[in-house]
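Raw my_file.txt, compact mmCIF, C-alpha atoms:
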# COMPACT_ATOMS: atom_id res chain seq x y z
CA MET E 1 140.38 -80.56 95.86
CA THR E 2 143.71 -79.93 94.15
CA LEU E 3 145.36 -76.54 94.13
CA TYR E 4 148.76 -75.90 92.58
CA ILE E 5 151.40 -73.31 93.41
CA ASP E 6 154.61 -72.49 91.58
CA PRO E 7 157.82 -71.28 93.27
CA PRO E 8 158.01 -67.64 94.37
CA VAL E 9 160.24 -66.38 91.57
CA TRP E 10 158.08 -63.68 89.98
CA PRO E 11 159.23 -60.17 90.96
CA GLY E 12 156.82 -57.33 91.59
CA HIS E 13 156.41 -54.45 94.01
CA GLY E 14 159.70 -55.24 95.74
CA ARG E 15 158.71 -58.86 96.50
CA LEU E 16 158.75 -62.29 94.92
CA TRP E 17 155.45 -63.97 94.07
CA SER E 18 153.96 -67.39 93.34
CA HIS E 19 150.86 -68.23 91.35
CA LEU E 20 148.08 -70.30 92.90
CA VAL E 21 145.60 -72.11 90.63
CA SER E 22 142.90 -74.77 90.69
CA ASP E 23 142.38 -77.45 88.07
CA VAL E 24 138.71 -77.82 89.08
CA SER E 25 137.00 -74.43 89.38
CA TYR E 26 137.36 -70.79 90.33
CA ASP E 27 135.02 -71.43 93.27
CA GLU E 28 137.52 -73.96 94.63
CA LEU E 29 140.35 -71.49 94.06
CA HIS E 30 138.54 -68.64 95.85
CA ALA E 31 137.65 -70.90 98.80
CA PHE E 32 141.25 -72.05 99.22
CA ALA E 33 142.58 -68.52 98.86
CA ALA E 34 140.22 -67.37 101.62
CA LEU E 35 141.40 -70.28 103.78
CA ILE E 36 145.04 -69.14 103.52
CA GLY E 37 144.13 -65.48 103.97
CA ALA E 38 144.77 -64.29 100.42
CA PRO E 39 142.73 -61.15 99.69
CA ARG E 40 140.35 -61.23 96.73
CA ARG E 41 142.31 -58.35 95.17
CA ALA E 42 145.18 -60.85 94.68
CA PHE E 43 143.05 -62.70 92.09
CA GLU E 44 144.11 -61.97 88.53
CA ARG E 45 142.04 -63.52 85.72
CA ASP E 46 142.74 -67.20 86.53
CA HIS E 47 145.13 -67.27 89.48
CA TYR E 48 146.02 -65.72 92.80
CA ASP E 49 149.32 -63.94 93.31
CA VAL E 50 150.79 -65.24 96.57
CA PRO E 51 153.75 -63.46 98.18
CA ALA E 52 156.87 -65.51 98.96
CA GLU E 53 156.29 -65.19 102.70
CA SER E 54 152.91 -66.98 102.32
CA TYR E 55 154.24 -69.81 100.13
CA ALA E 56 154.95 -72.25 102.97
CA SER E 57 151.53 -71.74 104.54
CA ALA E 58 149.81 -72.38 101.19
CA VAL E 59 151.75 -75.64 100.82
CA ALA E 60 151.00 -76.60 104.44
CA ALA E 61 147.28 -76.01 103.72
CA GLY E 62 147.43 -78.45 100.81
CA ALA E 63 148.63 -76.65 97.68
CA VAL E 64 150.78 -78.92 95.52
CA GLU E 65 154.17 -77.53 94.53
CA VAL E 66 154.78 -77.62 90.75
CA GLY E 67 156.95 -75.74 88.30
CA SER E 68 155.54 -72.80 86.40
CA LYS E 69 155.20 -74.68 83.11
CA GLU E 70 153.37 -77.54 84.84
CA LEU E 71 151.06 -75.05 86.56
CA VAL E 72 150.09 -73.45 83.22
CA ARG E 73 149.65 -76.88 81.61
CA ARG E 74 147.24 -78.03 84.32
CA LEU E 75 145.31 -74.76 84.20
CA THR E 76 145.02 -74.94 80.41
CA GLU E 77 143.98 -78.61 80.38
CA ALA E 78 141.27 -77.82 82.95
CA GLY E 79 139.87 -75.17 80.59
CA LEU E 80 140.39 -72.46 83.22
CA ARG E 81 143.20 -70.50 81.52
CA ARG E 82 142.24 -66.89 80.81
CA ARG E 83 144.73 -65.02 78.70
CA LYS E 84 145.20 -61.25 78.80
Structure rendered as structure tokens:
Amino acid sequence: MTLYIDPPVWPGHGRLWSHLVSDVSYDELHAFAALIGAPRRAFERDHYDVPAESYASAVAAGAVEVGSKELVRRLTEAGLRRRK
């Protein structure tokens, strides 16, 4: 199981956010998100939005830290990218 998370640099709703993705399946992504306590409403098309204050716990649970471009590349190569 490999999940990837980018740095919390995306502003929204007065907070900074990261994106959490899987390069295997959405089922894997949903299971990991549940493990770290991310609500299902945080899922947007192909990723979870993770607030900055939850970043460290996602990494501690096993998410691999990557840059935003690398995250999108891995998601696209896995065939899991869903554009707006």
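Among the candidates E:Pro39, E:Glu28, E:Leu3, E:Asp46, the residue lying nearest to Ala60 of chain E is E:Leu3 (atoms considered: only C-alpha atoms).
Shortest separation to Arg81 of chain E among E:Ala34, E:Val21, E:Val66, E:Val9 occurs at residue E:Val21, atoms counted being all atoms listed in the file.
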Using all atoms listed in the file, which of the listed residues (E:Leu20, E:Ala56, E:Ala61, E:Ala78) sits closest to Leu35 of chain E?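 Nearest candidate to Leu35 of chain E out of E:Leu20, E:Ala56, E:Ala61, E:Ala78: E:Ala61.
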Between atom CA of Ala63 of chain E and atom CA of Ile5 of chain E, what is the distance, to one decimal in Å?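 For atom CA of Ala63 of chain E relative to atom CA of Ile5 of chain E, the distance reads 6.1 Å.
Closest approach to Phe32 of chain E from the set E:Glu77, E:Arg15, E:Glu53, E:Val59 is made by E:Val59, with distances taken over only C-alpha atoms.
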